[in-house]
Protein chains: 2
Amino acid sequence: MHYLVTGGAGFIGSNLVDHLLARGFRVTAFDNLSTGFEQFLTEARKNPNFRLICGDLLDRQALTDAMRGVDFVCHLAANADVRFGTEHPNKDLEQNTIATFNVLEAMRQNGTQRIAFASTGSIYGEPETFPTPETAPFPVQTSLYGASKLACEGLIQAYCEGFGFRSWIFRFVSILGERYTHGHVFDFSHKLSCDPTRLEILGDGKQRKSYLYVHDCIDAIFTALDKADGKVNIFNLGRPDVVEVKTSAGIISDTLGVSPEFSFTGGERGWIGDSPFILLDIAKITSLGWQPRHSIQDAIVRTTQWLKANQWVYEIRK
Amino acid sequence: MHYLVTGGAGFIGSNLVDHLLARGFRVTAFDNLSTGFEQFLTEARKNPNFRLICGDLLDRQALTDAMRGVDFVCHLAANADVRFGTEHPNKDLEQNTIATFNVLEAMRQNGTQRIAFASTGSIYGEPETFPTPETAPFPVQTSLYGASKLACEGLIQAYCEGFGFRSWIFRFVSILGERYTHGHVFDFSHKLSCDPTRLEILGDGKQRKSYLYVHDCIDAIFTALDKADGKVNIFNLGRPDVVEVKTSAGIISDTLGVSPEFSFTGGERGWIGDSPFILLDIAKITSLGWQPRHSIQDAIVRTTQWLKANQWVYEIRK
């Protein structure tokens, strides 16, 4: 089996690459290294079953060439910047919607028909049902990021119906763990590495969100690929609990051994499109036998420890 | 009030232009005339409040220029070809998703913040609930057309949240009436004008679909614009009943005064992505006081009569 992982040099992508190689598969990572790091693939590169192709998903020809002989695509590459969507609306359109269209077309040209896709819980907008199931009422989008992931899901589903593809669509909560390079744990750890005496928190700090440890996430993906065989398989991936942002800030501070004074910018949302409460119903994936093994606290601690030991990512990520 | 109607030379668009002008508004029609007809705007052109701009929505500069001074956008332009989506998947992406993004960006640059959008009941895929309400469970897309309209809805909603826009999104059943130039009534009437002795019907002829007469549709749009003032206002537009395709074929034949022999290609669906049953729940729009005034039969008869009297559209539409 030959897997192509888009965004294979990124946080979740590079961890997935390592897991696929450990299972003995051939793996091609396709990444433009705009937010991914070659350093994350140091171990992978020692494996003869691995190759990295530095290319952009907007380059249809390069992508089509890279897809040759590929059996299965794990499409993780994306503009994952939820917060600054309104500063450059074209980024979500191009790097998510159009890039996904290009992936599907490259697959079609090569006869590759199976795809796993990293979608998001943001696709539910601000739902009224908690925990939010996959069959929640037709949502209204509240961010350009969520809207673009919705567009990607729709495209993938239509290719399944129109061209005989099969898909596994995963709606993630925020993922934490080794190689994590954006999001609130990154921001807080980075800020505290510069000034350990104070920490500004966006919103009122009471935003409640669910988090999942990256290796739990990848276990869940493998469980779904092994056990779900419908035409379109959609799964929420998360944990059954949440943490408040200010509690998380406390865990991060403790892990770093600092005691900052917290200040809050105020308001229920950290930014436009921020969802003050994210809790996904994970009954569907757990019914297949998967369970998360790491608590949110554990995931935050491990992430913070990794960031502390790898401060070079603060430098590169300006 | 100055309205810009994209697809203003099309079937629904040109009818909407006439209604807006009759209400005394200033109207700009923006159309690339790829499937619209200047002939549909003959009356409109006599009105000094009207102008037609021949331009393409993929031409961002032309669109931005056309948007100057516009208060309200009615975005109807689209690739509305549901059936042949799989023959050219890029068409739905470009003419629907990317075109809609361009409309939103042109609005943003001009400070125009209100938009009405022609979406589709196809967005519900193959729902399990009939009649299907706006809050149906999160659907799975079954056509590239539906997927692209879903992408457009998401973009519009995200612009409402991110940039203070307000939107009225209408999920149509198939619309019938004067200036109708594609869909099964067009195809059947056209085929029967060539050979009145036989008619091939795609599928088993038992597909049940709801239809709405174009002037009822426009009345509903005005009702929603007048009475709904949320940030994102979503309405199904249709009738509370359906007709079987083979019954419709009988009405068309009777109206044309011909007695063809029907044959069926078989199968529950006319084509890949065809939905065998479309019936939308219209309780939300009727709660605002709107009711359809024309039966499906009446709409089919009027459409067929118009096509019979305007056979030039068969010649131009190859």
# chains A, B, ... in the order shown; residues from 1 in each chain; ligands from 1
call {"tool": "closest_atom_pairs", "arguments": {"of": "chain A", "to": "chain B", "cutoff": "6 Å", "atoms": "only C-alpha atoms", "output": "tab-separated table"}}
result
residue	atom	partner	partner_atom	distance
A:Thr135	CA	B:Pro137	CA	5.0
A:Ala136	CA	B:Pro137	CA	5.4
A:Pro137	CA	B:Pro137	CA	4.3
A:Phe138	CA	B:Phe138	CA	4.2
A:Gln141	CA	B:Gln157	CA	5.4
A:Thr142	CA	B:Ala158	CA	4.9
A:Ser143	CA	B:Ala158	CA	4.8
A:Leu144	CA	B:Ala158	CA	5.3
A:Ala147	CA	B:Gly154	CA	4.6
A:Ala151	CA	B:Ala151	CA	4.3
A:Gly154	CA	B:Ala147	CA	4.6
A:Leu155	CA	B:Ala147	CA	5.6
A:Gln157	CA	B:Gln141	CA	5.4
A:Ala158	CA	B:Ser143	CA	4.8
A:Glu161	CA	B:Thr142	CA	5.5
call {"tool": "write_last_selection", "arguments": {"atoms": "all heavy atoms", "output": "mmCIF file, in the first residue's frame"}}
result
data_model
loop_
_atom_site.group_PDB
_atom_site.id
_atom_site.type_symbol
_atom_site.label_atom_id
_atom_site.label_comp_id
_atom_site.auth_asym_id
_atom_site.auth_seq_id
_atom_site.Cartn_x
_atom_site.Cartn_y
_atom_site.Cartn_z
ATOM 1 N N THR A 135 -24.552 14.327 12.865
ATOM 2 C CA THR A 135 -25.844 14.593 12.219
ATOM 3 C C THR A 135 -26.543 15.811 12.819
ATOM 4 O O THR A 135 -27.764 15.926 12.755
ATOM 5 C CB THR A 135 -26.764 13.377 12.400
ATOM 6 O OG1 THR A 135 -26.807 13.073 13.812
ATOM 7 C CG2 THR A 135 -26.253 12.166 11.643
ATOM 8 N N ALA A 136 -25.771 16.723 13.393
ATOM 9 C CA ALA A 136 -26.339 17.963 13.936
ATOM 10 C C ALA A 136 -27.151 18.668 12.860
ATOM 11 O O ALA A 136 -26.936 18.436 11.670
ATOM 12 C CB ALA A 136 -25.202 18.879 14.397
ATOM 13 N N PRO A 137 -28.082 19.546 13.247
ATOM 14 C CA PRO A 137 -28.819 20.301 12.223
ATOM 15 C C PRO A 137 -27.866 21.069 11.313
ATOM 16 O O PRO A 137 -26.813 21.538 11.760
ATOM 17 C CB PRO A 137 -29.682 21.263 13.048
ATOM 18 C CG PRO A 137 -29.857 20.590 14.361
ATOM 19 C CD PRO A 137 -28.580 19.838 14.607
ATOM 20 N N PHE A 138 -28.234 21.134 10.056
ATOM 21 C CA PHE A 138 -27.488 21.848 9.000
ATOM 22 C C PHE A 138 -26.926 23.144 9.579
ATOM 23 O O PHE A 138 -27.663 24.068 9.927
ATOM 24 C CB PHE A 138 -28.475 22.169 7.881
ATOM 25 C CG PHE A 138 -27.861 22.348 6.528
ATOM 26 C CD1 PHE A 138 -28.558 21.942 5.391
ATOM 27 C CD2 PHE A 138 -26.619 22.912 6.358
ATOM 28 C CE1 PHE A 138 -28.023 22.100 4.126
ATOM 29 C CE2 PHE A 138 -26.066 23.072 5.096
ATOM 30 C CZ PHE A 138 -26.789 22.672 3.971
ATOM 31 N N GLN A 141 -22.192 28.682 8.927
ATOM 32 C CA GLN A 141 -20.759 28.894 9.117
ATOM 33 C C GLN A 141 -20.465 30.228 9.787
ATOM 34 O O GLN A 141 -21.149 31.223 9.519
ATOM 35 C CB GLN A 141 -20.020 28.810 7.782
ATOM 36 C CG GLN A 141 -20.148 27.453 7.122
ATOM 37 C CD GLN A 141 -19.750 26.312 8.043
ATOM 38 O OE1 GLN A 141 -18.675 26.330 8.621
ATOM 39 N NE2 GLN A 141 -20.631 25.326 8.195
ATOM 40 N N THR A 142 -19.457 30.240 10.658
ATOM 41 C CA THR A 142 -19.100 31.467 11.356
ATOM 42 C C THR A 142 -17.645 31.876 11.114
ATOM 43 O O THR A 142 -17.184 32.873 11.651
ATOM 44 C CB THR A 142 -19.321 31.323 12.881
ATOM 45 O OG1 THR A 142 -18.626 30.163 13.333
ATOM 46 C CG2 THR A 142 -20.804 31.170 13.196
ATOM 47 N N SER A 143 -16.906 31.090 10.317
ATOM 48 C CA SER A 143 -15.529 31.466 9.986
ATOM 49 C C SER A 143 -15.225 31.062 8.559
ATOM 50 O O SER A 143 -15.814 30.118 8.015
ATOM 51 C CB SER A 143 -14.532 30.779 10.931
ATOM 52 O OG SER A 143 -14.469 29.386 10.662
ATOM 53 N N LEU A 144 -14.313 31.798 7.948
ATOM 54 C CA LEU A 144 -13.889 31.460 6.590
ATOM 55 C C LEU A 144 -13.208 30.101 6.567
ATOM 56 O O LEU A 144 -13.318 29.344 5.604
ATOM 57 C CB LEU A 144 -12.950 32.549 6.063
ATOM 58 C CG LEU A 144 -13.685 33.845 5.721
ATOM 59 C CD1 LEU A 144 -12.750 35.036 5.782
ATOM 60 C CD2 LEU A 144 -14.327 33.747 4.359
ATOM 61 N N ALA A 147 -15.958 27.515 6.688
ATOM 62 C CA ALA A 147 -16.641 27.521 5.393
ATOM 63 C C ALA A 147 -15.812 26.786 4.344
ATOM 64 O O ALA A 147 -16.352 26.046 3.510
ATOM 65 C CB ALA A 147 -16.898 28.959 4.949
ATOM 66 N N ALA A 151 -16.685 23.363 2.276
ATOM 67 C CA ALA A 151 -16.590 23.250 0.813
ATOM 68 C C ALA A 151 -15.796 22.003 0.422
ATOM 69 O O ALA A 151 -16.174 21.273 -0.503
ATOM 70 C CB ALA A 151 -15.935 24.503 0.240
ATOM 71 N N GLY A 154 -17.864 18.830 0.968
ATOM 72 C CA GLY A 154 -18.873 18.696 -0.089
ATOM 73 C C GLY A 154 -18.256 18.169 -1.372
ATOM 74 O O GLY A 154 -18.803 17.276 -2.035
ATOM 75 N N LEU A 155 -17.088 18.711 -1.735
ATOM 76 C CA LEU A 155 -16.397 18.255 -2.949
ATOM 77 C C LEU A 155 -16.056 16.770 -2.851
ATOM 78 O O LEU A 155 -16.294 15.996 -3.777
ATOM 79 C CB LEU A 155 -15.106 19.060 -3.143
ATOM 80 C CG LEU A 155 -15.233 20.406 -3.854
ATOM 81 C CD1 LEU A 155 -13.961 21.210 -3.689
ATOM 82 C CD2 LEU A 155 -15.546 20.206 -5.335
ATOM 83 N N GLN A 157 -17.393 14.461 -0.988
ATOM 84 C CA GLN A 157 -18.621 13.653 -1.027
ATOM 85 C C GLN A 157 -19.150 13.531 -2.457
ATOM 86 O O GLN A 157 -19.583 12.450 -2.884
ATOM 87 C CB GLN A 157 -19.669 14.280 -0.108
ATOM 88 C CG GLN A 157 -19.278 14.237 1.367
ATOM 89 C CD GLN A 157 -20.038 15.242 2.218
ATOM 90 O OE1 GLN A 157 -20.907 15.972 1.739
ATOM 91 N NE2 GLN A 157 -19.703 15.299 3.499
ATOM 92 N N ALA A 158 -19.112 14.641 -3.202
ATOM 93 C CA ALA A 158 -19.613 14.608 -4.582
ATOM 94 C C ALA A 158 -18.736 13.720 -5.465
ATOM 95 O O ALA A 158 -19.234 13.047 -6.377
ATOM 96 C CB ALA A 158 -19.680 16.027 -5.148
ATOM 97 N N GLU A 161 -19.816 10.148 -4.923
ATOM 98 C CA GLU A 161 -21.034 9.809 -5.659
ATOM 99 C C GLU A 161 -20.773 9.767 -7.164
ATOM 100 O O GLU A 161 -21.239 8.863 -7.857
ATOM 101 C CB GLU A 161 -22.123 10.849 -5.344
ATOM 102 C CG GLU A 161 -23.486 10.536 -5.928
ATOM 103 C CD GLU A 161 -24.170 9.372 -5.232
ATOM 104 O OE1 GLU A 161 -23.902 9.141 -4.042
ATOM 105 O OE2 GLU A 161 -24.984 8.691 -5.902
#
call {"tool": "select_by_dssp", "arguments": {"residues": "range 52-81 of chain B", "states": "strand (DSSP E)", "output": "list in words"}}
result
Leu52, Ile53, Cys54, Phe72, Val73, Cys74 and His75 of chain B
call {"tool": "atom_distance", "arguments": {"atom1": "CA of Leu57 in chain A", "atom2": "CA of Gln311 in chain A"}}
result
28.9 Å
call {"tool": "atom_distance", "arguments": {"atom1": "CA of Tyr314 in chain A", "atom2": "CA of Phe37 in chain A"}}
result
12.4 Å
call {"tool": "closest_residue", "arguments": {"among": "A:Arg269, A:Arg239, A:Lys246, A:Arg23", "to": "Ile296 in chain A", "atoms": "only C-alpha atoms"}}
result
A:Arg239
call {"tool": "closest_residue", "arguments": {"among": "A:Asn32, A:Thr42, A:Arg83, A:Phe72", "to": "Leu58 in chain A", "atoms": "only C-alpha atoms"}}
result
A:Asn32
call {"tool": "closest_residue", "arguments": {"among": "B:Thr247, B:Ile300, B:Asp204, B:Asn310", "to": "Pro276 in chain B", "atoms": "only C-alpha atoms"}}
result
B:Asp204
call {"tool": "closest_residue", "arguments": {"among": "B:Ser167, B:Gln95, B:Ser174, B:Ser248", "to": "Ala228 in chain B", "atoms": "only C-alpha atoms"}}
result
B:Ser167
call {"tool": "residues_around", "arguments": {"residues": "Asp195 in chain A", "least_positions_apart": "4", "cutoff": "10 Å", "atoms": "only C-alpha atoms", "output": "VMD selection string"}}
result
chain A and resid 189 to 191 199 258 260
call {"tool": "residues_around", "arguments": {"residues": "Val70 in chain A", "least_positions_apart": "2", "cutoff": "10 Å", "atoms": "only C-alpha atoms", "output": "ChimeraX atom specification"}}
result
/A:1-4,26-28,66-68,72-73,107,110-114
call {"tool": "atom_distance", "arguments": {"atom1": "CA of Asp31 in chain A", "atom2": "CA of Gln61 in chain A"}}
result
14.4 Å
call {"tool": "residues_around", "arguments": {"residues": "Glu178 in chain B", "least_positions_apart": "4", "cutoff": "10 Å", "atoms": "only C-alpha atoms", "output": "NGL selection string"}}
result
:B and (11-12 or 15 or 40 or 213-215 or 299 or 302-307 or 310)
call {"tool": "residues_around", "arguments": {"residues": "Ala22 in chain B", "least_positions_apart": "2", "cutoff": "12 Å", "atoms": "only C-alpha atoms", "output": "list of chain:residue names"}}
result
B:Asn15, B:Leu16, B:Val17, B:Asp18, B:His19, B:Leu20, B:Gly24, B:Phe25, B:Arg26, B:Val27, B:Glu43, B:Ala44, B:Asn47, B:Pro48, B:Asn49, B:Phe50
call {"tool": "residues_around", "arguments": {"residues": "Phe264 in chain B", "least_positions_apart": "3", "cutoff": "9 Å", "atoms": "only C-alpha atoms", "output": "PDB file with N, CA, C and O atoms, in the first residue's frame"}}
result
ATOM      1  N   LEU B 199     -40.968   9.778 -26.832  1.00  0.00           N
ATOM      2  CA  LEU B 199     -40.221  10.568 -25.843  1.00  0.00           C
ATOM      3  C   LEU B 199     -39.466   9.625 -24.912  1.00  0.00           C
ATOM      4  O   LEU B 199     -40.071   8.764 -24.259  1.00  0.00           O
ATOM      5  N   GLU B 200     -38.150   9.769 -24.912  1.00  0.00           N
ATOM      6  CA  GLU B 200     -37.337   8.971 -23.990  1.00  0.00           C
ATOM      7  C   GLU B 200     -37.205   9.728 -22.677  1.00  0.00           C
ATOM      8  O   GLU B 200     -36.841  10.902 -22.659  1.00  0.00           O
ATOM      9  N   ILE B 201     -37.513   9.045 -21.573  1.00  0.00           N
ATOM     10  CA  ILE B 201     -37.448   9.662 -20.248  1.00  0.00           C
ATOM     11  C   ILE B 201     -36.329   9.001 -19.455  1.00  0.00           C
ATOM     12  O   ILE B 201     -36.262   7.767 -19.362  1.00  0.00           O
ATOM     13  N   LEU B 202     -35.430   9.826 -18.881  1.00  0.00           N
ATOM     14  CA  LEU B 202     -34.308   9.279 -18.102  1.00  0.00           C
ATOM     15  C   LEU B 202     -34.815   8.712 -16.781  1.00  0.00           C
ATOM     16  O   LEU B 202     -35.659   9.319 -16.124  1.00  0.00           O
ATOM     17  N   GLY B 203     -34.302   7.541 -16.406  1.00  0.00           N
ATOM     18  CA  GLY B 203     -34.764   6.889 -15.173  1.00  0.00           C
ATOM     19  C   GLY B 203     -36.066   6.140 -15.422  1.00  0.00           C
ATOM     20  O   GLY B 203     -36.415   5.837 -16.574  1.00  0.00           O
ATOM     21  N   ASP B 204     -36.781   5.845 -14.328  1.00  0.00           N
ATOM     22  CA  ASP B 204     -38.027   5.086 -14.456  1.00  0.00           C
ATOM     23  C   ASP B 204     -39.254   5.986 -14.572  1.00  0.00           C
ATOM     24  O   ASP B 204     -40.395   5.493 -14.619  1.00  0.00           O
ATOM     25  N   GLY B 205     -39.029   7.307 -14.589  1.00  0.00           N
ATOM     26  CA  GLY B 205     -40.150   8.248 -14.724  1.00  0.00           C
ATOM     27  C   GLY B 205     -40.898   8.468 -13.429  1.00  0.00           C
ATOM     28  O   GLY B 205     -41.840   9.258 -13.372  1.00  0.00           O
ATOM     29  N   GLY B 267     -34.101   2.647 -13.910  1.00  0.00           N
ATOM     30  CA  GLY B 267     -33.346   3.036 -12.713  1.00  0.00           C
ATOM     31  C   GLY B 267     -34.059   4.148 -11.963  1.00  0.00           C
ATOM     32  O   GLY B 267     -34.842   4.909 -12.543  1.00  0.00           O
TER      33      GLY B 267
END
